[in-house]
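Peer 1: As input, take data_3.txt (compact mmCIF, C-alpha atoms and all ligand atoms):
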# COMPACT_ATOMS: atom_id res chain seq x y z
CA MET A 40 -14.08 13.36 2.08
CA ILE A 41 -11.99 11.28 4.49
CA PRO A 42 -10.49 8.32 2.59
CA LEU A 43 -12.03 5.00 3.59
CA HIS A 44 -8.74 3.61 4.86
CA GLN A 45 -8.30 6.33 7.48
CA HIS A 46 -9.52 5.43 10.92
CA PRO A 47 -11.24 8.02 13.05
CA SER A 48 -12.78 5.08 14.94
CA GLY A 49 -11.45 1.91 16.53
CA ARG A 50 -8.35 1.45 18.64
CA HIS A 51 -4.83 2.28 17.65
CA PHE A 52 -2.65 -0.84 17.54
CA LEU A 53 0.46 0.01 19.55
CA GLN A 54 2.55 -2.97 18.55
CA ILE A 55 5.97 -1.50 19.38
CA PRO A 56 8.14 -3.12 22.06
CA GLY A 57 7.52 -0.36 24.52
CA PRO A 58 5.85 1.76 25.53
CA SER A 59 3.46 -1.16 25.53
CA PRO A 60 -0.34 -0.88 25.46
CA VAL A 61 -1.67 -0.21 28.97
CA PRO A 62 -4.57 -2.41 30.17
CA ASP A 63 -7.78 -0.47 30.90
CA ARG A 64 -7.68 -1.76 34.47
CA ILE A 65 -4.36 0.03 35.00
CA LEU A 66 -5.54 3.21 33.27
CA ARG A 67 -8.55 3.33 35.58
CA ALA A 68 -6.38 2.79 38.65
CA MET A 69 -4.18 5.72 37.61
CA SER A 70 -7.17 8.02 37.16
CA LEU A 71 -7.85 8.13 40.93
CA PRO A 72 -7.18 11.43 42.73
CA THR A 73 -3.58 12.13 43.71
CA ILE A 74 -3.04 11.73 47.45
CA ASP A 75 -0.69 13.27 50.02
CA HIS A 76 2.68 11.60 49.50
CA ARG A 77 3.44 12.10 53.21
CA GLY A 78 0.07 10.75 54.41
CA PRO A 79 -0.71 7.30 55.90
CA GLU A 80 -2.45 5.96 52.79
CA PHE A 81 0.66 6.65 50.74
CA GLY A 82 2.94 4.73 53.09
CA ARG A 83 0.81 1.62 52.59
CA LEU A 84 0.96 2.03 48.81
CA GLY A 85 4.72 2.58 48.93
CA LEU A 86 5.35 -0.56 50.97
CA LYS A 87 3.07 -2.60 48.72
CA VAL A 88 4.76 -1.62 45.45
CA LEU A 89 8.26 -1.97 46.88
CA SER A 90 7.63 -5.50 48.14
CA GLY A 91 5.74 -6.39 44.95
CA MET A 92 8.72 -5.29 42.87
CA GLN A 93 11.01 -7.49 44.97
CA GLN A 94 8.83 -10.43 43.90
CA ILE A 95 9.07 -9.38 40.26
CA PHE A 96 12.87 -9.02 40.39
CA ARG A 97 13.03 -12.16 42.57
CA THR A 98 15.15 -10.45 45.17
CA LYS A 99 15.11 -10.10 48.95
CA HIS A 100 17.22 -6.97 48.75
CA PRO A 101 16.25 -3.31 48.16
CA VAL A 102 14.55 -2.11 44.99
CA VAL A 103 14.65 1.62 44.30
CA ILE A 104 11.91 3.32 42.25
CA TYR A 105 12.77 6.54 40.41
CA PRO A 106 10.37 9.00 38.78
CA ALA A 107 12.43 8.76 35.58
CA SER A 108 12.66 6.88 32.31
CA GLY A 109 14.85 3.78 32.02
CA THR A 110 17.82 5.92 31.00
CA GLY A 111 17.77 7.52 34.44
CA ALA A 112 17.96 4.12 36.12
CA TRP A 113 20.91 3.21 33.83
CA GLU A 114 22.71 6.31 35.09
CA ALA A 115 21.74 5.55 38.70
CA ALA A 116 23.27 2.04 38.49
CA LEU A 117 26.61 3.47 37.38
CA VAL A 118 26.90 6.62 39.51
CA ASN A 119 26.02 4.77 42.72
CA THR A 120 28.67 2.09 42.37
CA LEU A 121 31.61 3.48 40.36
CA SER A 122 34.30 6.16 40.47
CA PRO A 123 35.57 8.51 37.74
CA GLY A 124 37.79 6.75 35.21
CA ASP A 125 36.74 3.22 36.23
CA ALA A 126 37.03 0.60 33.49
CA LEU A 127 33.88 -1.29 32.51
CA LEU A 128 33.26 -4.29 30.34
CA MET A 129 30.11 -3.81 28.27
CA TYR A 130 28.77 -6.08 25.55
CA GLU A 131 27.40 -4.99 22.18
CA THR A 132 24.12 -6.79 21.57
CA GLY A 133 22.42 -3.89 19.81
CA HIS A 134 21.26 -0.31 20.08
CA PHE A 135 20.36 -0.24 23.78
CA ALA A 136 23.70 -1.75 24.80
CA THR A 137 25.33 0.95 22.64
CA LEU A 138 23.34 3.74 24.32
CA TRP A 139 24.25 2.49 27.80
CA LYS A 140 27.92 2.52 26.76
CA LYS A 141 27.60 6.09 25.47
CA LEU A 142 26.04 7.11 28.78
CA ALA A 143 28.95 5.50 30.66
CA GLU A 144 31.43 7.46 28.53
CA ARG A 145 29.63 10.72 29.23
CA LEU A 146 29.93 10.01 32.96
CA GLY A 147 33.72 9.79 32.63
CA LEU A 148 33.90 5.98 32.82
CA ARG A 149 36.03 3.91 30.46
CA PRO A 150 33.82 1.22 28.91
CA GLU A 151 35.27 -1.42 26.63
CA PHE A 152 32.79 -2.90 24.14
CA LEU A 153 32.97 -6.64 23.48
CA ALA A 154 31.19 -8.13 20.46
CA VAL A 155 31.21 -11.10 18.13
CA PRO A 156 33.04 -9.72 15.09
CA GLY A 157 31.84 -9.84 11.51
CA THR A 158 28.76 -9.56 9.38
CA ASP A 159 26.20 -12.12 8.34
CA ALA A 160 26.68 -12.62 4.58
CA ALA A 161 23.01 -13.35 3.84
CA THR A 162 21.62 -10.16 5.38
CA GLY A 163 24.66 -7.88 5.58
CA LEU A 164 23.85 -7.20 9.25
CA PRO A 165 26.38 -7.30 12.12
CA TRP A 166 26.57 -10.71 13.78
CA SER A 167 26.60 -9.30 17.27
CA TRP A 168 23.18 -7.75 16.61
CA ARG A 169 21.74 -11.20 15.86
CA ARG A 170 22.99 -13.10 18.91
CA GLY A 171 23.07 -12.87 22.67
CA VAL A 172 26.03 -12.26 24.91
CA GLN A 173 28.77 -14.90 24.41
CA ALA A 174 29.78 -15.46 28.03
CA GLU A 175 33.10 -17.10 27.08
CA LEU A 176 34.29 -13.78 25.57
CA ILE A 177 33.59 -12.12 28.92
CA GLU A 178 35.41 -14.88 30.80
CA ALA A 179 38.49 -14.62 28.54
CA ARG A 180 38.61 -10.82 28.87
CA LEU A 181 38.30 -10.96 32.66
CA ARG A 182 41.02 -13.61 32.92
CA ALA A 183 43.32 -11.24 31.04
CA ASP A 184 42.55 -8.48 33.57
CA ALA A 185 44.89 -9.83 36.26
CA GLY A 186 45.05 -6.45 38.06
CA HIS A 187 41.24 -6.29 38.33
CA ALA A 188 41.03 -2.87 36.68
CA ILE A 189 37.55 -3.73 35.36
CA LYS A 190 35.02 -2.71 38.00
CA ALA A 191 31.78 -3.86 36.38
CA VAL A 192 30.40 -6.06 33.62
CA CYS A 193 27.26 -4.58 31.98
CA VAL A 194 24.91 -6.57 29.75
CA VAL A 195 21.39 -6.21 28.38
CA HIS A 196 19.01 -9.05 29.27
CA ASN A 197 16.48 -8.48 26.48
CA GLU A 198 17.96 -6.36 23.68
CA THR A 199 14.86 -4.49 22.53
CA SER A 200 16.44 -3.29 19.30
CA THR A 201 16.90 -6.83 17.99
CA GLY A 202 14.64 -9.25 19.87
CA VAL A 203 17.52 -11.25 21.35
CA THR A 204 17.88 -12.27 25.00
CA SER A 205 21.08 -13.13 26.85
CA ASP A 206 21.82 -15.85 29.37
CA ILE A 207 22.51 -13.84 32.52
CA ALA A 208 23.28 -16.88 34.68
CA ALA A 209 26.01 -17.80 32.15
CA VAL A 210 27.51 -14.32 32.47
CA ARG A 211 27.64 -14.71 36.26
CA ARG A 212 29.31 -18.14 35.83
CA ALA A 213 31.86 -16.57 33.48
CA ILE A 214 32.74 -13.86 36.02
CA ASP A 215 33.07 -16.45 38.78
CA ALA A 216 35.10 -18.84 36.59
CA ALA A 217 37.58 -16.01 35.95
CA GLY A 218 37.72 -15.37 39.70
CA HIS A 219 37.06 -11.70 39.01
CA PRO A 220 35.47 -9.29 41.53
CA ALA A 221 33.69 -7.05 38.96
CA LEU A 222 30.07 -6.16 39.71
CA LEU A 223 27.45 -7.58 37.34
CA MET A 224 24.95 -5.00 36.09
CA VAL A 225 22.03 -5.98 33.90
CA ASP A 226 19.56 -3.90 31.89
CA SER A 227 16.26 -5.76 32.03
CA ILE A 228 14.21 -2.72 31.11
CA SER A 229 12.20 -4.68 28.56
CA GLY A 230 12.77 -8.21 29.81
CA LEU A 231 11.34 -7.86 33.31
CA ALA A 232 7.82 -9.28 33.77
CA CYS A 233 7.88 -10.86 30.27
CA ALA A 234 10.92 -13.14 30.42
CA ASP A 235 12.21 -15.21 33.33
CA TYR A 236 14.43 -13.07 35.54
CA ARG A 237 16.15 -13.90 38.86
CA HIS A 238 18.16 -11.07 40.39
CA ASP A 239 19.35 -12.98 43.48
CA GLU A 240 19.72 -16.47 42.02
CA TRP A 241 21.74 -15.20 39.04
CA GLY A 242 24.01 -13.15 41.27
CA VAL A 243 23.22 -9.81 39.64
CA ASP A 244 24.49 -6.75 41.54
CA VAL A 245 22.31 -4.09 39.93
CA THR A 246 19.32 -4.75 37.71
CA VAL A 247 17.91 -1.76 35.83
CA SER A 248 14.30 -1.75 34.68
CA GLY A 249 11.51 0.53 33.55
CA SER A 250 7.73 0.80 33.70
CA GLN A 251 6.68 0.99 30.06
CA LYS A 252 7.55 -2.48 28.79
CA GLY A 253 6.63 -5.72 30.55
CA LEU A 254 5.07 -3.95 33.51
CA MET A 255 2.39 -2.58 31.14
CA LEU A 256 2.53 0.97 32.55
CA PRO A 257 3.06 4.27 30.78
CA PRO A 258 6.66 5.57 30.71
CA GLY A 259 7.77 7.51 33.77
CA ILE A 260 9.14 5.25 36.49
CA SER A 261 12.22 3.07 36.55
CA PHE A 262 14.02 0.76 38.92
CA ASN A 263 17.31 -0.39 40.40
CA ALA A 264 17.37 -3.74 42.17
CA ILE A 265 20.46 -3.70 44.38
CA SER A 266 22.57 -6.55 45.79
CA PRO A 267 24.32 -6.23 49.17
CA ARG A 268 27.66 -6.03 47.30
CA ALA A 269 26.42 -3.16 45.16
CA LEU A 270 25.12 -1.37 48.24
CA GLU A 271 28.53 -1.84 49.85
CA ALA A 272 30.28 -0.52 46.70
CA SER A 273 28.07 2.58 46.81
CA LYS A 274 29.66 3.58 50.14
CA SER A 275 33.06 4.14 48.55
CA ALA A 276 32.04 5.01 44.96
CA LYS A 277 33.17 8.52 44.00
CA LEU A 278 31.03 9.54 41.02
CA PRO A 279 28.91 12.56 41.99
CA ARG A 280 25.24 11.83 42.63
CA SER A 281 22.38 13.40 44.49
CA PHE A 282 18.99 12.71 42.93
CA TRP A 283 20.09 9.15 42.09
CA ALA A 284 21.78 8.42 45.43
CA TRP A 285 20.53 5.16 46.88
CA ASP A 286 21.31 5.85 50.56
CA GLU A 287 18.48 8.28 51.45
CA ILE A 288 15.94 6.56 49.23
CA VAL A 289 16.62 3.08 50.63
CA GLU A 290 16.43 4.46 54.17
CA MET A 291 13.11 6.28 53.69
CA ASN A 292 11.62 3.44 51.63
CA LYS A 293 11.71 1.30 54.79
CA THR A 294 8.53 3.10 55.87
CA GLY A 295 7.07 3.38 52.35
CA TYR A 296 8.05 7.00 51.67
CA TRP A 297 10.51 8.85 49.42
CA PRO A 298 12.88 11.77 50.06
CA TYR A 299 11.14 13.67 47.24
CA THR A 300 7.74 13.56 45.55
CA PRO A 301 7.29 10.16 43.92
CA ASN A 302 5.14 9.56 40.87
CA THR A 303 1.93 8.92 42.83
CA ASN A 304 -0.48 8.04 40.03
CA LEU A 305 2.04 5.83 38.25
CA LEU A 306 2.46 4.01 41.54
CA TYR A 307 -1.33 3.37 41.58
CA GLY A 308 -0.79 1.87 38.15
CA LEU A 309 2.17 -0.17 39.37
CA SER A 310 0.10 -1.50 42.28
CA GLU A 311 -2.58 -2.65 39.82
CA ALA A 312 0.01 -4.12 37.43
CA LEU A 313 1.54 -6.09 40.31
CA ASP A 314 -1.91 -7.46 41.20
CA MET A 315 -2.45 -8.54 37.60
CA LEU A 316 0.99 -10.16 37.23
CA LEU A 317 1.09 -11.86 40.61
CA GLU A 318 -2.54 -13.04 40.35
CA GLN A 319 -1.69 -14.79 37.09
CA GLY A 320 1.68 -15.96 38.45
CA LEU A 321 5.02 -15.16 36.86
CA GLU A 322 5.45 -18.60 35.28
CA ALA A 323 2.13 -18.21 33.45
CA VAL A 324 3.06 -14.64 32.44
CA PHE A 325 6.34 -15.90 30.92
CA ALA A 326 4.60 -18.81 29.14
CA ARG A 327 1.98 -16.41 27.72
CA HIS A 328 4.71 -14.23 26.17
CA GLN A 329 6.61 -17.24 24.82
CA ARG A 330 3.47 -18.54 23.14
CA TRP A 331 2.75 -15.20 21.50
CA ALA A 332 6.36 -14.93 20.40
CA GLU A 333 6.30 -18.39 18.82
CA GLY A 334 3.04 -17.52 17.03
CA VAL A 335 4.63 -14.38 15.60
CA ARG A 336 7.80 -16.23 14.61
CA GLY A 337 5.64 -18.81 12.84
CA ALA A 338 4.16 -15.96 10.80
CA VAL A 339 7.60 -14.59 9.92
CA ARG A 340 8.76 -18.06 8.84
CA ALA A 341 5.67 -18.45 6.68
CA TRP A 342 6.40 -15.10 5.03
CA GLY A 343 9.84 -16.50 4.21
CA LEU A 344 11.67 -13.67 5.98
CA PRO A 345 14.63 -13.92 8.38
CA ILE A 346 14.07 -13.35 12.10
CA GLN A 347 16.59 -10.83 13.44
CA CYS A 348 17.59 -13.23 16.22
CA ALA A 349 19.72 -15.92 14.53
CA ASP A 350 19.96 -18.16 17.61
CA ALA A 351 16.76 -20.04 18.48
CA ALA A 352 18.01 -20.61 22.04
CA VAL A 353 17.74 -16.90 22.83
CA TYR A 354 14.62 -15.74 20.99
CA SER A 355 12.96 -12.87 22.81
CA PRO A 356 9.50 -13.51 24.25
CA VAL A 357 8.95 -9.72 24.22
CA LEU A 358 9.35 -8.78 20.58
CA THR A 359 10.32 -10.22 17.21
CA GLY A 360 12.64 -8.45 14.78
CA VAL A 361 11.76 -9.04 11.13
CA ILE A 362 14.41 -8.44 8.45
CA THR A 363 12.92 -7.10 5.23
CA PRO A 364 14.15 -8.39 1.86
CA GLN A 365 17.19 -6.52 0.44
CA GLY A 366 15.98 -3.30 -1.18
CA VAL A 367 12.75 -3.08 0.85
CA ASP A 368 12.97 -0.08 3.19
CA ALA A 369 11.52 -1.26 6.50
CA ASP A 370 10.69 2.29 7.57
CA ALA A 371 8.74 3.03 4.37
CA LEU A 372 6.78 -0.17 5.01
CA ARG A 373 6.13 0.84 8.63
CA LYS A 374 4.93 4.25 7.49
CA LEU A 375 2.53 2.72 4.99
CA ILE A 376 1.16 0.30 7.61
CA HIS A 377 0.72 3.11 10.10
CA GLU A 378 -1.15 5.30 7.61
CA ARG A 379 -3.39 2.57 6.27
CA PHE A 380 -4.11 0.48 9.34
CA ASP A 381 -3.37 2.68 12.37
CA LEU A 382 -0.81 0.09 13.47
CA SER A 383 2.53 1.15 14.98
CA LEU A 384 5.51 -1.18 14.54
CA GLY A 385 8.95 -0.66 16.08
CA THR A 386 11.55 0.96 13.85
CA GLY A 387 14.99 -0.51 13.16
CA LEU A 388 17.50 1.32 15.40
CA GLY A 389 21.17 2.13 14.91
CA LYS A 390 23.05 -0.36 12.72
CA VAL A 391 19.87 -2.08 11.52
CA LYS A 392 17.91 1.07 10.62
CA GLY A 393 15.77 0.57 7.52
CA ARG A 394 16.66 -3.14 7.35
CA MET A 395 14.19 -4.49 9.87
CA PHE A 396 11.12 -3.68 11.92
CA ARG A 397 9.97 -4.98 15.29
CA ILE A 398 6.66 -6.49 16.37
CA GLY A 399 6.03 -6.14 20.10
CA HIS A 400 4.11 -8.89 21.89
CA LEU A 401 3.87 -7.40 25.36
CA GLY A 402 1.54 -5.27 27.44
CA ASP A 403 -2.21 -5.33 26.91
CA CYS A 404 -2.12 -8.02 24.24
CA ASN A 405 -4.07 -11.13 23.36
CA ASP A 406 -4.24 -13.63 20.51
CA LEU A 407 -6.55 -11.40 18.50
CA THR A 408 -4.62 -8.14 18.92
CA LEU A 409 -1.60 -10.06 17.67
CA MET A 410 -3.58 -11.53 14.77
CA ALA A 411 -4.63 -7.99 13.85
CA ALA A 412 -1.04 -6.82 13.96
CA LEU A 413 0.10 -9.71 11.76
CA ALA A 414 -2.76 -9.04 9.33
CA GLY A 415 -1.70 -5.38 9.18
CA VAL A 416 1.88 -6.37 8.38
CA GLU A 417 0.82 -8.90 5.75
CA MET A 418 -1.49 -6.39 4.07
CA GLY A 419 1.27 -3.78 4.25
CA PHE A 420 3.68 -6.07 2.38
CA ARG A 421 0.97 -6.65 -0.22
CA LEU A 422 0.34 -2.91 -0.66
CA ALA A 423 4.09 -2.31 -0.95
CA GLY A 424 4.26 -4.97 -3.69
CA VAL A 425 6.62 -7.20 -1.72
CA PRO A 426 6.06 -10.87 -2.55
CA LEU A 427 5.85 -13.21 0.45
CA ALA A 428 6.41 -16.97 0.51
CA GLY A 429 3.07 -17.62 2.22
CA SER A 430 0.54 -16.36 4.71
CA GLY A 431 1.89 -15.59 8.15
CA VAL A 432 -1.64 -14.90 9.34
CA GLN A 433 -2.70 -18.45 8.49
CA ALA A 434 0.40 -19.87 10.18
CA ALA A 435 -0.17 -17.88 13.38
CA MET A 436 -3.87 -18.77 13.52
CA ALA A 437 -2.99 -22.45 13.11
CA TYR A 438 -0.37 -22.21 15.88
CA PHE A 439 -2.62 -20.39 18.33
CA ALA A 440 -5.46 -22.84 17.73
CA ALA A 441 -3.15 -25.86 18.01
CA THR A 442 -1.67 -24.67 21.30
CA ILE A 443 -5.17 -24.16 22.73
CA LEU A 444 -6.11 -27.71 21.72
CA ALA A 445 -2.86 -29.07 23.18
CA GLU A 446 -3.41 -27.11 26.37
CA THR A 447 -6.92 -28.47 26.73
CA ALA A 448 -5.73 -32.02 26.05
CA THR A 449 -2.95 -31.83 28.66
CA GLY A 450 -4.88 -29.91 31.31
CA GLY A 451 -2.75 -26.80 30.81
CA LYS A 452 0.64 -28.47 30.92
CA ALA A 453 1.53 -28.09 27.24
CA VAL A 454 1.51 -24.33 27.39
CA THR A 455 2.95 -23.64 30.84
CA ASP A 456 5.92 -25.85 29.94
CA GLY A 457 6.85 -22.93 27.67
CA ASN A 458 7.94 -22.58 24.07
CA LEU A 459 5.42 -25.03 22.71
CA ARG A 460 6.45 -25.57 19.12
CA ILE A 461 3.88 -27.12 16.86
CA GLU A 462 5.03 -28.00 13.38
CA SER A 463 2.36 -27.57 10.74
C1 LIG B 501 13.37 1.04 26.50
C2 LIG B 501 14.73 0.60 26.83
C3 LIG B 501 15.71 1.47 27.34
C4 LIG B 501 15.50 2.94 27.47
O1 LIG B 501 14.56 3.28 28.40
P1 LIG B 501 13.91 4.74 28.38
O2 LIG B 501 12.76 4.57 29.28
O3 LIG B 501 13.58 5.04 26.95
O4 LIG B 501 14.92 5.68 28.91
C5 LIG B 501 16.93 0.94 27.69
N1 LIG B 501 17.22 -0.35 27.52
C6 LIG B 501 16.32 -1.21 27.01
C7 LIG B 501 16.71 -2.66 26.84
C8 LIG B 501 15.06 -0.76 26.65
O5 LIG B 501 14.17 -1.61 26.13
In structure tokens, what does this structure look like?

Peer 2:
Amino acid sequence: MIPLHQHPSGRHFLQIPGPSPVPDRILRAMSLPTIDHRGPEFGRLGLKVLSGMQQIFRTKHPVVIYPASGTGAWEAALVNTLSPGDALLMYETGHFATLWKKLAERLGLRPEFLAVPGTDAATGLPWSWRRGVQAELIEARLRADAGHAIKAVCVVHNETSTGVTSDIAAVRRAIDAAGHPALLMVDSISGLACADYRHDEWGVDVTVSGSQKGLMLPPGISFNAISPRALEASKSAKLPRSFWAWDEIVEMNKTGYWPYTPNTNLLYGLSEALDMLLEQGLEAVFARHQRWAEGVRGAVRAWGLPIQCADAAVYSPVLTGVITPQGVDADALRKLIHERFDLSLGTGLGKVKGRMFRIGHLGDCNDLTLMAALAGVEMGFRLAGVPLAGSGVQAAMAYFAATILAETATGGKAVTDGNLRIES
């Protein structure tokens, strides 16, 4: 007999911070027949998704779409703009920043890794994995680089391993204050289309993104948004590249086509995702994620557990990292929750493995999917015999209800103003 707690019916709760759950509307769009990627219909689709992505990145300059995961777009950003042996300044915010650095090393670049030193005494976790980029460290390092050996500064906008964002405009100000010509490259693979992002206004040279996070698509396409300076740098950059080379792609994209076969059905999905995001409006999309994030953080506070992000100014609207009490293996808890409730939570990665788990609040989500996820976590703690300070489910329900009442009372203003915090 199948045990009662196993679920042959009902939906799986994919509550990891990417791949995110894909809305049915997008799944249906992707199920249409594949068309000729050299035909007239395709050119219209190509132009639509390319200009739509410029709106999402908030750029007037070229966006390149690769049939590759985010890691491919990381590589593309570096090989198009840099030469063998170039020095880079990268910043350790967590596991994804660490992986990008490893990739740079494998390409023959010389990345230096900046970080806030030390460990947080209460949790034993590295400080730099609980905070965003400290722009003044970047400024000081660039000032010391009088010969301008450093060719690029690379930072992660939304560090998906920790649930911490970084102030990209502050990084640009730091580079400018040091009077340094380094390019600014930003990984917004998980931040884009969830958190405010402004490629042009923030003076970013290359932004890297991917399909399977805020854009609500399956994995399989990724992006480079490219500034005129980065495009100029690509003309003299010496790292070998062919598949990733911007020149031919940018040229052919002008008519909506690619030099090779693009990911046609994922582009149908992207077209639908762009309609959904732009119909709602990016400000409302960002406010929606901030509200969910605050609801989830309210639950974590009620449980009496630390949030991985120790700086309230840079909480991620995309995911929340939850630190388990000392001695409680976060992965054992995740496994139990998955088996009992068919709910997937994000694992702790790298230096925080086993010490925390991640709740994603992105993709095809709503108040009730999040309530289900929080209920699954709360029941999981109970089954694991971990005492909690209080009910996170109650706290989140109270927050969601209160924000709806406040929104109604203010004609929508209370919520679109962002980060509405209601103390219970
Ligand atoms: C998901 C993610 C990546 C890796 O992307 P893949 O598609 O797995 O290659 C890189 N950086 C960040 C911040 C991410 O969230």

Peer 1: Could the residues that lie within 8 Å of ligand LIG 501 (chain B), counting all atoms listed in the file, be listed as a PyMOL selection string?

Peer 2: chain A and resi 56-58+107-113+135-136+138-139+195-200+226-230+248-252+258-259+261

Peer 1: May I ask which of the residues A:Val155, A:Leu117, A:Cys404, A:Ala448 is the closest one to Val324 (chain A), counting all atoms listed in the file?

Peer 2: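 For Val324 (chain A), the nearest of the candidates is A:Cys404.
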
Peer 1: For Gln93 (chain A), list every protein, DNA or RNA residue within 8 Å, evaluated using all atoms listed in the file, and leave out those in the same chain fewer than 6 positions away; present the list as a ChimeraX atom specification.

Peer 2: /A:99-102,264

Peer 1: With C-alpha atoms retained, could you export that selection as a JSON list (two decimals), keeping the file's coordinate frame?

Peer 2:
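Done, and the output landed in selection-v2.json:
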[["chain", "number", "residue", "atom", "x", "y", "z"],
["A", 99, "LYS", "CA", 15.11, -10.10, 48.95],
["A", 100, "HIS", "CA", 17.22, -6.97, 48.75],
["A", 101, "PRO", "CA", 16.25, -3.31, 48.16],
["A", 102, "VAL", "CA", 14.55, -2.11, 44.99],
["A", 264, "ALA", "CA", 17.37, -3.74, 42.17]]

Peer 1: CA of Asn405 (chain A) and CA of Tyr307 (chain A), how far apart in Å?

Peer 2: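 Result for CA of Tyr307 (chain A) versus CA of Asn405 (chain A): 23.4 Å, one decimal.
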
Peer 1: Of the candidates A:Gly424, A:Pro279, A:Gly157, A:Pro62, which shows the shortest atom-to-atom distance to Asn119 (chain A), using all atoms listed in the file?

Peer 2: A:Pro279

Peer 1: What lies within 9 Å of Val192 (chain A) using only C-alpha atoms, ignoring chain neighbours under 6 positions off, as a ChimeraX atom specification?

Peer 2: /A:127-130,177,210,214,221-225

Peer 1: Given the point (7.1, -11.8, 2.9) in the coordinates of this file, which residues lie within 9 Å, counting all atoms listed in the file, and how would they look as a list of chain:residue names?

Peer 2: A:Val339, A:Arg340, A:Ala341, A:Trp342, A:Gly343, A:Leu344, A:Thr363, A:Pro364, A:Glu417, A:Phe420, A:Arg421, A:Val425, A:Pro426, A:Leu427, A:Ala428, A:Gly429, A:Ser430, A:Gly431

Peer 1: So, with only C-alpha atoms as the atoms that count, which of A:Lys141, A:Arg373, A:Lys190, A:Arg397 lies closest to Ala269 (chain A)?

Peer 2: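 Going through A:Lys141, A:Arg373, A:Lys190, A:Arg397 one by one, the smallest distance to Ala269 (chain A) is for A:Lys190.
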
Peer 1: Could you work out how far CA of Ser205 (chain A) lies from CA of Phe52 (chain A), giving the answer in Å with one decimal?

Peer 2: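 Separation of CA of Phe52 (chain A) and CA of Ser205 (chain A): 28.3 Å.
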
Peer 1: Tell me, in Å to one decimal, how far CA of Ala371 (chain A) is from CA of Trp331 (chain A).

Peer 2: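 For CA of Ala371 (chain A) relative to CA of Trp331 (chain A), the distance reads 25.7 Å.
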
Peer 1: Just want the 9 Å neighbourhood of Gly308 (chain A), counted on all atoms listed in the file, with same-chain residues fewer than 3 positions away dropped. Output as a list in words.

Peer 2: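 After dropping sequence-adjacent residues, the list is Arg64, Ile65, Leu66, Arg67, Ala68, Met69, Ser70, Met255, Leu256, Pro257, Thr303, Asn304, Leu305, Glu311, Ala312 and Leu313 of chain A.
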
Peer 1: Please list as a VMD selection string every residue within 9 Å of Trp297 (chain A), counting only C-alpha atoms and excluding residues in the same chain fewer than 6 positions away.

Peer 2: chain A and resid 76 to 77 85 287 to 291

Peer 1: Take the residues from that selection and write them out as a PDB file, in the coordinates of the input, keeping C-alpha atoms.

Peer 2:
ATOM      1  CA  HIS A  76       2.680  11.600  49.500  1.00  0.00           C
ATOM      2  CA  ARG A  77       3.440  12.100  53.210  1.00  0.00           C
ATOM      3  CA  GLY A  85       4.720   2.580  48.930  1.00  0.00           C
ATOM      4  CA  GLU A 287      18.480   8.280  51.450  1.00  0.00           C
ATOM      5  CA  ILE A 288      15.940   6.560  49.230  1.00  0.00           C
ATOM      6  CA  VAL A 289      16.620   3.080  50.630  1.00  0.00           C
ATOM      7  CA  GLU A 290      16.430   4.460  54.170  1.00  0.00           C
ATOM      8  CA  MET A 291      13.110   6.280  53.690  1.00  0.00           C
TER       9      MET A 291
END

Peer 1: Between A:Val118, A:Met92, A:Ala441, A:Ala332, which has the minimum distance to Lys274 (chain A) (counting only C-alpha atoms)?

Peer 2: A:Val118

Peer 1: Out of A:Phe380, A:Trp241, A:Trp166, A:Tyr105, which residue has the shortest atom-to-atom distance to Tyr299 (chain A) when counting all atoms listed in the file?

Peer 2: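 Between A:Phe380, A:Trp241, A:Trp166, A:Tyr105, the residue approaching Tyr299 (chain A) most closely is A:Tyr105.
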
Peer 1: Counting all atoms listed in the file, which of A:Ala326, A:Val194, A:Ile376, A:Val243 gets nearest to Thr98 (chain A)?

Peer 2: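 Going through A:Ala326, A:Val194, A:Ile376, A:Val243 one by one, the smallest distance to Thr98 (chain A) is for A:Val243.
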